[in-house]
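Below: coords10.pdb (PDB, C-alpha atoms)
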```
ATOM      1  CA  MET A   1     112.706-133.984 140.798  1.00  0.00           C
ATOM      2  CA  SER A   2     110.087-131.475 139.705  1.00  0.00           C
ATOM      3  CA  ALA A   3     107.523-129.770 141.895  1.00  0.00           C
ATOM      4  CA  PRO A   4     104.005-131.186 141.754  1.00  0.00           C
ATOM      5  CA  ASP A   5     101.559-129.469 139.409  1.00  0.00           C
ATOM      6  CA  PRO A   6      99.451-126.867 141.167  1.00  0.00           C
ATOM      7  CA  SER A   7      95.845-127.713 141.743  1.00  0.00           C
ATOM      8  CA  PRO A   8      93.257-126.106 139.422  1.00  0.00           C
ATOM      9  CA  ARG A   9      92.210-123.821 142.266  1.00  0.00           C
ATOM     10  CA  GLU A  10      95.783-122.551 142.755  1.00  0.00           C
ATOM     11  CA  SER A  11      96.390-122.084 139.004  1.00  0.00           C
ATOM     12  CA  TRP A  12      93.356-119.768 138.687  1.00  0.00           C
ATOM     13  CA  ALA A  13      93.882-117.817 141.914  1.00  0.00           C
ATOM     14  CA  LEU A  14      96.298-115.174 140.579  1.00  0.00           C
ATOM     15  CA  PRO A  15      94.471-114.526 137.262  1.00  0.00           C
ATOM     16  CA  GLY A  16      91.174-114.310 139.140  1.00  0.00           C
ATOM     17  CA  ILE A  17      92.577-111.722 141.550  1.00  0.00           C
ATOM     18  CA  LEU A  18      94.015-109.704 138.647  1.00  0.00           C
ATOM     19  CA  VAL A  19      90.688-109.693 136.792  1.00  0.00           C
ATOM     20  CA  LEU A  20      88.884-108.588 139.943  1.00  0.00           C
ATOM     21  CA  ALA A  21      91.418-105.787 140.520  1.00  0.00           C
ATOM     22  CA  ILE A  22      91.037-104.571 136.908  1.00  0.00           C
ATOM     23  CA  LEU A  23      87.241-104.517 137.227  1.00  0.00           C
ATOM     24  CA  VAL A  24      87.420-102.521 140.466  1.00  0.00           C
ATOM     25  CA  VAL A  25      89.848 -99.971 138.974  1.00  0.00           C
ATOM     26  CA  ALA A  26      87.671 -99.617 135.847  1.00  0.00           C
ATOM     27  CA  GLY A  27      84.564 -99.098 137.972  1.00  0.00           C
ATOM     28  CA  VAL A  28      86.232 -96.421 140.097  1.00  0.00           C
ATOM     29  CA  TYR A  29      87.532 -94.671 136.953  1.00  0.00           C
ATOM     30  CA  LEU A  30      84.109 -94.649 135.263  1.00  0.00           C
ATOM     31  CA  TYR A  31      82.401 -93.462 138.445  1.00  0.00           C
ATOM     32  CA  SER A  32      84.884 -90.596 138.884  1.00  0.00           C
ATOM     33  CA  ARG A  33      84.456 -89.507 135.240  1.00  0.00           C
ATOM     34  CA  ARG A  34      80.689 -89.478 135.655  1.00  0.00           C
ATOM     35  CA  ALA A  35      81.001 -87.402 138.844  1.00  0.00           C
ATOM     36  CA  GLU A  36      83.256 -84.868 137.023  1.00  0.00           C
ATOM     37  CA  GLN A  37      80.721 -84.413 134.221  1.00  0.00           C
ATOM     38  CA  GLY A  38      77.922 -83.621 136.657  1.00  0.00           C
ATOM     39  CA  PRO A  39      74.251 -84.439 136.225  1.00  0.00           C
ATOM     40  CA  PRO A  40      72.834 -84.492 132.689  1.00  0.00           C
ATOM     41  CA  ALA A  41      71.399 -81.170 131.542  1.00  0.00           C
ATOM     42  CA  ALA A  42      67.628 -81.019 131.283  1.00  0.00           C
ATOM     43  CA  ALA A  43      66.092 -80.078 127.960  1.00  0.00           C
ATOM     44  CA  PRO A  44      64.672 -76.534 127.973  1.00  0.00           C
ATOM     45  CA  GLN A  45      60.905 -76.443 128.384  1.00  0.00           C
ATOM     46  CA  PRO A  46      58.739 -73.869 126.611  1.00  0.00           C
ATOM     47  CA  ALA A  47      57.119 -71.355 128.934  1.00  0.00           C
ATOM     48  CA  PRO A  48      53.420 -72.074 129.565  1.00  0.00           C
ATOM     49  CA  ALA A  49      50.935 -69.656 128.077  1.00  0.00           C
ATOM     50  CA  ALA A  50      49.403 -67.298 130.618  1.00  0.00           C
ATOM     51  CA  PRO A  51      45.631 -67.711 131.101  1.00  0.00           C
ATOM     52  CA  PRO A  52      43.426 -64.812 130.106  1.00  0.00           C
ATOM     53  CA  PRO A  53      42.841 -62.357 132.995  1.00  0.00           C
ATOM     54  CA  SER A  54      39.099 -63.014 133.134  1.00  0.00           C
ATOM     55  CA  ALA A  55      39.433 -66.798 133.477  1.00  0.00           C
ATOM     56  CA  PRO A  56      39.298 -68.266 137.020  1.00  0.00           C
ATOM     57  CA  PRO A  57      42.509 -69.959 138.177  1.00  0.00           C
ATOM     58  CA  PRO A  58      42.545 -73.670 137.349  1.00  0.00           C
ATOM     59  CA  SER A  59      42.096 -76.022 140.276  1.00  0.00           C
ATOM     60  CA  ALA A  60      45.058 -78.260 141.044  1.00  0.00           C
ATOM     61  CA  PRO A  61      44.493 -81.949 140.242  1.00  0.00           C
ATOM     62  CA  PRO A  62      44.646 -84.279 143.235  1.00  0.00           C
ATOM     63  CA  SER A  63      48.199 -85.411 143.813  1.00  0.00           C
ATOM     64  CA  SER A  64      49.057 -89.024 144.480  1.00  0.00           C
ATOM     65  CA  ALA A  65      52.711 -88.210 145.090  1.00  0.00           C
ATOM     66  CA  PRO A  66      54.071 -88.735 148.597  1.00  0.00           C
ATOM     67  CA  PRO A  67      54.697 -85.648 150.711  1.00  0.00           C
ATOM     68  CA  THR A  68      58.083 -84.031 150.191  1.00  0.00           C
ATOM     69  CA  SER A  69      58.622 -83.069 153.816  1.00  0.00           C
ATOM     70  CA  LEU A  70      58.932 -85.410 156.754  1.00  0.00           C
ATOM     71  CA  PRO A  71      57.109 -84.929 160.048  1.00  0.00           C
ATOM     72  CA  PRO A  72      59.196 -83.658 162.957  1.00  0.00           C
ATOM     73  CA  SER A  73      61.248 -86.259 164.783  1.00  0.00           C
ATOM     74  CA  THR A  74      59.462 -88.225 167.475  1.00  0.00           C
ATOM     75  CA  ALA A  75      62.555 -89.927 168.875  1.00  0.00           C
ATOM     76  CA  GLY A  76      62.130 -90.617 172.553  1.00  0.00           C
ATOM     77  CA  VAL A  77      58.395 -89.901 172.470  1.00  0.00           C
ATOM     78  CA  ALA A  78      56.089 -92.719 173.564  1.00  0.00           C
ATOM     79  CA  ARG A  79      53.342 -93.551 171.113  1.00  0.00           C
ATOM     80  CA  GLU A  80      50.270 -95.665 171.636  1.00  0.00           C
ATOM     81  CA  ILE A  81      50.209 -98.687 169.342  1.00  0.00           C
ATOM     82  CA  ASP A  82      46.834 -99.464 167.815  1.00  0.00           C
ATOM     83  CA  TYR A  83      47.684-102.764 166.114  1.00  0.00           C
ATOM     84  CA  ASP A  84      48.541-106.333 167.125  1.00  0.00           C
ATOM     85  CA  ILE A  85      52.126-107.627 167.125  1.00  0.00           C
ATOM     86  CA  VAL A  86      53.035-111.224 166.220  1.00  0.00           C
ATOM     87  CA  TYR A  87      56.141-112.663 167.855  1.00  0.00           C
ATOM     88  CA  VAL A  88      57.779-115.919 168.974  1.00  0.00           C
ATOM     89  CA  ARG A  89      58.085-116.545 172.729  1.00  0.00           C
ATOM     90  CA  GLN A  90      61.012-118.884 173.437  1.00  0.00           C
ATOM     91  CA  PRO A  91      61.982-120.223 176.886  1.00  0.00           C
ATOM     92  CA  ARG A  92      64.972-118.554 178.517  1.00  0.00           C
ATOM     93  CA  TYR A  93      67.023-120.312 181.165  1.00  0.00           C
ATOM     94  CA  GLY A  94      68.716-117.320 182.796  1.00  0.00           C
ATOM     95  CA  ASP A  95      71.862-115.312 182.191  1.00  0.00           C
ATOM     96  CA  GLU A  96      74.344-118.157 182.652  1.00  0.00           C
ATOM     97  CA  GLU A  97      72.864-120.838 180.345  1.00  0.00           C
ATOM     98  CA  LEU A  98      72.851-120.413 176.575  1.00  0.00           C
ATOM     99  CA  THR A  99      69.861-121.321 174.449  1.00  0.00           C
ATOM    100  CA  ILE A 100      69.955-122.560 170.860  1.00  0.00           C
ATOM    101  CA  TRP A 101      68.466-120.266 168.226  1.00  0.00           C
ATOM    102  CA  PRO A 102      68.164-120.931 164.482  1.00  0.00           C
ATOM    103  CA  GLU A 103      71.065-119.391 162.593  1.00  0.00           C
ATOM    104  CA  VAL A 104      72.708-119.565 159.193  1.00  0.00           C
ATOM    105  CA  PHE A 105      74.842-122.702 159.757  1.00  0.00           C
ATOM    106  CA  ARG A 106      72.152-124.736 161.553  1.00  0.00           C
ATOM    107  CA  PRO A 107      68.787-123.207 160.617  1.00  0.00           C
ATOM    108  CA  ALA A 108      66.813-126.238 161.802  1.00  0.00           C
ATOM    109  CA  ARG A 109      68.433-126.557 165.243  1.00  0.00           C
ATOM    110  CA  LEU A 110      66.517-124.789 167.996  1.00  0.00           C
ATOM    111  CA  GLU A 111      65.183-125.301 171.493  1.00  0.00           C
ATOM    112  CA  PRO A 112      61.744-126.857 171.972  1.00  0.00           C
ATOM    113  CA  GLY A 113      58.934-124.804 173.455  1.00  0.00           C
ATOM    114  CA  ALA A 114      58.837-121.643 171.317  1.00  0.00           C
ATOM    115  CA  ASP A 115      55.201-120.566 170.810  1.00  0.00           C
ATOM    116  CA  LEU A 116      53.661-118.208 168.270  1.00  0.00           C
ATOM    117  CA  MET A 117      52.143-115.293 170.199  1.00  0.00           C
ATOM    118  CA  LEU A 118      49.908-112.297 169.533  1.00  0.00           C
ATOM    119  CA  LEU A 119      50.318-109.127 171.594  1.00  0.00           C
ATOM    120  CA  HIS A 120      47.221-106.914 171.630  1.00  0.00           C
ATOM    121  CA  PRO A 121      47.394-103.102 171.977  1.00  0.00           C
ATOM    122  CA  ASP A 122      46.029-103.330 175.543  1.00  0.00           C
ATOM    123  CA  GLY A 123      49.028-105.488 176.572  1.00  0.00           C
ATOM    124  CA  SER A 124      47.200-108.819 176.714  1.00  0.00           C
ATOM    125  CA  GLU A 125      48.774-111.841 175.028  1.00  0.00           C
ATOM    126  CA  GLU A 126      47.206-114.660 173.063  1.00  0.00           C
ATOM    127  CA  VAL A 127      48.854-117.970 172.141  1.00  0.00           C
ATOM    128  CA  LEU A 128      48.254-118.585 168.435  1.00  0.00           C
ATOM    129  CA  VAL A 129      50.258-121.829 168.145  1.00  0.00           C
ATOM    130  CA  GLU A 130      51.341-123.807 171.194  1.00  0.00           C
ATOM    131  CA  SER A 131      54.385-125.831 170.215  1.00  0.00           C
ATOM    132  CA  GLY A 132      54.525-128.515 172.914  1.00  0.00           C
ATOM    133  CA  PHE A 133      57.646-130.632 172.224  1.00  0.00           C
ATOM    134  CA  GLY A 134      58.262-128.707 169.010  1.00  0.00           C
ATOM    135  CA  SER A 135      59.037-125.108 168.242  1.00  0.00           C
ATOM    136  CA  VAL A 136      57.780-122.257 166.061  1.00  0.00           C
ATOM    137  CA  THR A 137      60.131-119.940 164.198  1.00  0.00           C
ATOM    138  CA  ASP A 138      60.202-117.324 161.403  1.00  0.00           C
ATOM    139  CA  PRO A 139      56.750-115.698 161.598  1.00  0.00           C
ATOM    140  CA  PHE A 140      55.773-113.565 158.605  1.00  0.00           C
ATOM    141  CA  VAL A 141      52.570-111.524 158.506  1.00  0.00           C
ATOM    142  CA  SER A 142      50.878-111.295 155.105  1.00  0.00           C
ATOM    143  CA  PHE A 143      50.611-107.887 153.462  1.00  0.00           C
ATOM    144  CA  ASP A 144      46.882-107.652 154.153  1.00  0.00           C
ATOM    145  CA  GLY A 145      47.403-108.620 157.823  1.00  0.00           C
ATOM    146  CA  GLU A 146      44.960-111.538 157.605  1.00  0.00           C
ATOM    147  CA  TRP A 147      47.444-114.442 157.716  1.00  0.00           C
ATOM    148  CA  VAL A 148      50.631-115.369 159.563  1.00  0.00           C
ATOM    149  CA  TYR A 149      53.032-117.770 157.884  1.00  0.00           C
ATOM    150  CA  TYR A 150      55.506-119.567 160.151  1.00  0.00           C
ATOM    151  CA  SER A 151      57.758-122.616 160.406  1.00  0.00           C
ATOM    152  CA  LEU A 152      56.845-125.358 162.883  1.00  0.00           C
ATOM    153  CA  PHE A 153      59.207-128.099 164.002  1.00  0.00           C
ATOM    154  CA  PRO A 154      56.746-130.596 165.536  1.00  0.00           C
ATOM    155  CA  ASP A 155      59.085-132.613 167.794  1.00  0.00           C
ATOM    156  CA  LEU A 156      62.538-131.489 168.938  1.00  0.00           C
ATOM    157  CA  ARG A 157      63.137-133.986 171.741  1.00  0.00           C
ATOM    158  CA  PRO A 158      66.697-135.418 171.566  1.00  0.00           C
ATOM    159  CA  GLU A 159      65.469-138.976 170.975  1.00  0.00           C
ATOM    160  CA  ARG A 160      63.466-137.787 167.940  1.00  0.00           C
ATOM    161  CA  LEU A 161      66.340-135.937 166.213  1.00  0.00           C
ATOM    162  CA  ASN A 162      68.282-137.455 163.323  1.00  0.00           C
ATOM    163  CA  ARG A 163      71.862-138.125 164.461  1.00  0.00           C
ATOM    164  CA  GLN A 164      72.966-138.747 160.872  1.00  0.00           C
ATOM    165  CA  ARG A 165      72.228-135.117 160.061  1.00  0.00           C
ATOM    166  CA  GLU A 166      73.961-133.597 163.091  1.00  0.00           C
ATOM    167  CA  TYR A 167      70.739-133.635 165.106  1.00  0.00           C
ATOM    168  CA  LEU A 168      68.745-131.499 162.698  1.00  0.00           C
TER     169      LEU A 168
END
```
Please express the file's structure as structure tokens.
Amino acid sequence: MSAPDPSPRESWALPGILVLAILVVAGVYLYSRRAEQGPPAAAPQPAPAAPPPSAPPPSAPPSSAPPTSLPPSTAGVAREIDYDIVYVRQPRYGDEELTIWPEVFRPARLEPGADLMLLHPDGSEEVLVESGFGSVTDPFVSFDGEWVYYSLFPDLRPERLNRQREYL
């Protein structure tokens, strides 16, 4: 009696691993050769002509390049914030009871009651979207700061969830 034929997945496993190993070795080899050669040499530039002694020094054009030095570190230094912060406020049930948060395997499963909030620089809070039986998640502030995009699940009560989709 002969052994059963391997599945297509098993028959490609070893060649796939060998191809991957060859690509990794080739990449390391090419990277090490490039490191040995050093950076490419810059083409020599002709020396600029010196201005006549009677001419005033030219003014430097305004630079749009970012500064080349960084400000000194401010780690551990409190700073006053002069802008609003958008965040999601979700109910918490204490240290002993876990809450459900959206995650990669069940992105649509979360606890009801998470509201979209705005924290002002003076410490006051404002409810932007009250979720009720639903929940807000994934806020994203637009680049101009005028809009906030978010996801809203309107009703997350257990009797309203779809059991055929694992209660999503």
Can you pull out the residues contacting range 137-148 of chain A? Cut-off 9 Å, using only C-alpha atoms, and skip same-chain residues under 2 positions away; I want them as a PDB file with C-alpha atoms, keeping the file's coordinate frame.
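The resulting file, around.pdb, is shown below:
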```pdb
ATOM      1  CA  VAL A  86      53.035-111.224 166.220  1.00  0.00           C
ATOM      2  CA  TYR A  87      56.141-112.663 167.855  1.00  0.00           C
ATOM      3  CA  VAL A  88      57.779-115.919 168.974  1.00  0.00           C
ATOM      4  CA  PRO A 102      68.164-120.931 164.482  1.00  0.00           C
ATOM      5  CA  LEU A 110      66.517-124.789 167.996  1.00  0.00           C
ATOM      6  CA  ALA A 114      58.837-121.643 171.317  1.00  0.00           C
ATOM      7  CA  ASP A 115      55.201-120.566 170.810  1.00  0.00           C
ATOM      8  CA  LEU A 116      53.661-118.208 168.270  1.00  0.00           C
ATOM      9  CA  SER A 135      59.037-125.108 168.242  1.00  0.00           C
ATOM     10  CA  TYR A 150      55.506-119.567 160.151  1.00  0.00           C
ATOM     11  CA  SER A 151      57.758-122.616 160.406  1.00  0.00           C
ATOM     12  CA  LEU A 152      56.845-125.358 162.883  1.00  0.00           C
ATOM     13  CA  PHE A 153      59.207-128.099 164.002  1.00  0.00           C
TER      14      PHE A 153
END
```
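CA of Val136 in chain A to CA of Gly123 in chain A spans 21.6 Å [interatomic distance, one decimal].
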10 Å contact set for Asp82 in chain A, all atoms listed in the file, chain neighbours under 6 positions out, as a PyMOL selection string:
chain A and resi 120-122
Pro154 in chain A proximity check over A:Val25, A:Asp84, A:Arg106, A:Pro112, using only C-alpha atoms: winner is A:Pro112
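Here CA of Glu126 in chain A stands at a distance of 29.0 Å from CA of Glu96 in chain A.
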Hey, can you check how far CA of Ile100 in chain A sits from CA of Arg163 in chain A?
16.9 Å
Of the residues A:Arg157, A:Ser124, A:Ile81, A:Asp95, which is the one nearest to Glu111 in chain A, using all atoms listed in the file?
A:Arg157
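In terms of minimum interatomic distance to Pro91 in chain A, A:Ser131 ranks closest within A:Ser131, A:Ala26, A:Pro107, A:Leu119, counting only C-alpha atoms.
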Produce range 89-100 of chain A of the given structure as output with all heavy atoms, as a PDB file, in the first residue's frame.
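Done, and the output landed in selection.pdb:
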```
ATOM      1  N   ARG A  89     -14.828  58.323  25.426  1.00  0.00           N
ATOM      2  CA  ARG A  89     -15.010  57.978  26.840  1.00  0.00           C
ATOM      3  C   ARG A  89     -15.881  56.731  26.899  1.00  0.00           C
ATOM      4  O   ARG A  89     -17.032  56.742  26.503  1.00  0.00           O
ATOM      5  CB  ARG A  89     -15.686  59.130  27.578  1.00  0.00           C
ATOM      6  CG  ARG A  89     -15.961  58.813  29.045  1.00  0.00           C
ATOM      7  CD  ARG A  89     -16.643  59.941  29.739  1.00  0.00           C
ATOM      8  NE  ARG A  89     -17.970  60.159  29.157  1.00  0.00           N
ATOM      9  CZ  ARG A  89     -18.758  61.190  29.461  1.00  0.00           C
ATOM     10  NH1 ARG A  89     -18.349  62.102  30.300  1.00  0.00           N
ATOM     11  NH2 ARG A  89     -19.945  61.318  28.906  1.00  0.00           N
ATOM     12  N   GLN A  90     -15.297  55.624  27.391  1.00  0.00           N
ATOM     13  CA  GLN A  90     -16.015  54.354  27.472  1.00  0.00           C
ATOM     14  C   GLN A  90     -16.210  53.990  28.939  1.00  0.00           C
ATOM     15  O   GLN A  90     -15.314  54.197  29.752  1.00  0.00           O
ATOM     16  CB  GLN A  90     -15.242  53.244  26.764  1.00  0.00           C
ATOM     17  CG  GLN A  90     -15.968  51.918  26.806  1.00  0.00           C
ATOM     18  CD  GLN A  90     -15.339  50.887  25.904  1.00  0.00           C
ATOM     19  OE1 GLN A  90     -14.440  51.172  25.149  1.00  0.00           O
ATOM     20  NE2 GLN A  90     -15.808  49.665  25.987  1.00  0.00           N
ATOM     21  N   PRO A  91     -17.382  53.435  29.302  1.00  0.00           N
ATOM     22  CA  PRO A  91     -17.609  53.035  30.689  1.00  0.00           C
ATOM     23  C   PRO A  91     -16.590  51.995  31.144  1.00  0.00           C
ATOM     24  O   PRO A  91     -16.149  51.145  30.364  1.00  0.00           O
ATOM     25  CB  PRO A  91     -19.008  52.425  30.677  1.00  0.00           C
ATOM     26  CG  PRO A  91     -19.635  52.882  29.428  1.00  0.00           C
ATOM     27  CD  PRO A  91     -18.540  53.172  28.460  1.00  0.00           C
ATOM     28  N   ARG A  92     -16.206  52.090  32.398  1.00  0.00           N
ATOM     29  CA  ARG A  92     -15.290  51.141  33.017  1.00  0.00           C
ATOM     30  C   ARG A  92     -15.976  50.592  34.250  1.00  0.00           C
ATOM     31  O   ARG A  92     -16.565  51.334  35.012  1.00  0.00           O
ATOM     32  CB  ARG A  92     -13.996  51.853  33.394  1.00  0.00           C
ATOM     33  CG  ARG A  92     -12.908  50.954  33.845  1.00  0.00           C
ATOM     34  CD  ARG A  92     -11.588  51.726  33.927  1.00  0.00           C
ATOM     35  NE  ARG A  92     -10.551  50.873  34.419  1.00  0.00           N
ATOM     36  CZ  ARG A  92     -10.277  50.703  35.706  1.00  0.00           C
ATOM     37  NH1 ARG A  92     -10.974  51.355  36.615  1.00  0.00           N
ATOM     38  NH2 ARG A  92      -9.322  49.898  36.082  1.00  0.00           N
ATOM     39  N   TYR A  93     -15.868  49.287  34.450  1.00  0.00           N
ATOM     40  CA  TYR A  93     -16.611  48.636  35.524  1.00  0.00           C
ATOM     41  C   TYR A  93     -15.733  48.237  36.707  1.00  0.00           C
ATOM     42  O   TYR A  93     -16.113  47.402  37.500  1.00  0.00           O
ATOM     43  CB  TYR A  93     -17.349  47.415  34.972  1.00  0.00           C
ATOM     44  CG  TYR A  93     -18.209  47.760  33.782  1.00  0.00           C
ATOM     45  CD1 TYR A  93     -17.912  47.289  32.520  1.00  0.00           C
ATOM     46  CD2 TYR A  93     -19.314  48.590  33.922  1.00  0.00           C
ATOM     47  CE1 TYR A  93     -18.701  47.618  31.428  1.00  0.00           C
ATOM     48  CE2 TYR A  93     -20.103  48.926  32.831  1.00  0.00           C
ATOM     49  CZ  TYR A  93     -19.787  48.433  31.597  1.00  0.00           C
ATOM     50  OH  TYR A  93     -20.557  48.767  30.516  1.00  0.00           O
ATOM     51  N   GLY A  94     -14.560  48.805  36.823  1.00  0.00           N
ATOM     52  CA  GLY A  94     -13.670  48.485  37.933  1.00  0.00           C
ATOM     53  C   GLY A  94     -12.496  47.636  37.493  1.00  0.00           C
ATOM     54  O   GLY A  94     -12.324  47.334  36.318  1.00  0.00           O
ATOM     55  N   ASP A  95     -11.678  47.257  38.477  1.00  0.00           N
ATOM     56  CA  ASP A  95     -10.457  46.510  38.180  1.00  0.00           C
ATOM     57  C   ASP A  95     -10.688  45.023  37.982  1.00  0.00           C
ATOM     58  O   ASP A  95      -9.850  44.333  37.429  1.00  0.00           O
ATOM     59  CB  ASP A  95      -9.451  46.705  39.316  1.00  0.00           C
ATOM     60  CG  ASP A  95      -8.954  48.143  39.385  1.00  0.00           C
ATOM     61  OD1 ASP A  95      -9.037  48.841  38.364  1.00  0.00           O
ATOM     62  OD2 ASP A  95      -8.489  48.554  40.466  1.00  0.00           O
ATOM     63  N   GLU A  96     -11.803  44.499  38.448  1.00  0.00           N
ATOM     64  CA  GLU A  96     -12.032  43.055  38.410  1.00  0.00           C
ATOM     65  C   GLU A  96     -12.869  42.604  37.222  1.00  0.00           C
ATOM     66  O   GLU A  96     -12.895  41.429  36.901  1.00  0.00           O
ATOM     67  CB  GLU A  96     -12.721  42.601  39.706  1.00  0.00           C
ATOM     68  CG  GLU A  96     -11.917  42.900  40.954  1.00  0.00           C
ATOM     69  CD  GLU A  96     -10.551  42.224  40.957  1.00  0.00           C
ATOM     70  OE1 GLU A  96     -10.463  41.063  40.531  1.00  0.00           O
ATOM     71  OE2 GLU A  96      -9.575  42.881  41.379  1.00  0.00           O
ATOM     72  N   GLU A  97     -13.580  43.506  36.544  1.00  0.00           N
ATOM     73  CA  GLU A  97     -14.449  43.123  35.436  1.00  0.00           C
ATOM     74  C   GLU A  97     -13.878  43.665  34.128  1.00  0.00           C
ATOM     75  O   GLU A  97     -13.562  44.842  34.016  1.00  0.00           O
ATOM     76  CB  GLU A  97     -15.864  43.676  35.647  1.00  0.00           C
ATOM     77  CG  GLU A  97     -16.846  43.150  34.628  1.00  0.00           C
ATOM     78  CD  GLU A  97     -18.273  43.553  34.951  1.00  0.00           C
ATOM     79  OE1 GLU A  97     -18.548  43.916  36.102  1.00  0.00           O
ATOM     80  OE2 GLU A  97     -19.092  43.510  34.029  1.00  0.00           O
ATOM     81  N   LEU A  98     -13.735  42.779  33.155  1.00  0.00           N
ATOM     82  CA  LEU A  98     -13.184  43.171  31.860  1.00  0.00           C
ATOM     83  C   LEU A  98     -14.249  43.828  30.989  1.00  0.00           C
ATOM     84  O   LEU A  98     -15.416  43.467  31.050  1.00  0.00           O
ATOM     85  CB  LEU A  98     -12.620  41.952  31.140  1.00  0.00           C
ATOM     86  CG  LEU A  98     -11.465  41.240  31.843  1.00  0.00           C
ATOM     87  CD1 LEU A  98     -11.074  40.003  31.067  1.00  0.00           C
ATOM     88  CD2 LEU A  98     -10.279  42.166  32.008  1.00  0.00           C
ATOM     89  N   THR A  99     -13.829  44.771  30.180  1.00  0.00           N
ATOM     90  CA  THR A  99     -14.716  45.377  29.202  1.00  0.00           C
ATOM     91  C   THR A  99     -14.286  44.930  27.815  1.00  0.00           C
ATOM     92  O   THR A  99     -13.154  44.502  27.607  1.00  0.00           O
ATOM     93  CB  THR A  99     -14.677  46.918  29.282  1.00  0.00           C
ATOM     94  OG1 THR A  99     -13.324  47.343  29.098  1.00  0.00           O
ATOM     95  CG2 THR A  99     -15.190  47.411  30.603  1.00  0.00           C
ATOM     96  N   ILE A 100     -15.189  45.035  26.864  1.00  0.00           N
ATOM     97  CA  ILE A 100     -14.909  44.609  25.488  1.00  0.00           C
ATOM     98  C   ILE A 100     -14.522  45.838  24.673  1.00  0.00           C
ATOM     99  O   ILE A 100     -15.253  46.820  24.628  1.00  0.00           O
ATOM    100  CB  ILE A 100     -16.135  43.920  24.873  1.00  0.00           C
ATOM    101  CG1 ILE A 100     -16.511  42.688  25.689  1.00  0.00           C
ATOM    102  CG2 ILE A 100     -15.857  43.532  23.426  1.00  0.00           C
ATOM    103  CD1 ILE A 100     -17.821  42.071  25.262  1.00  0.00           C
TER     104      ILE A 100
END
```
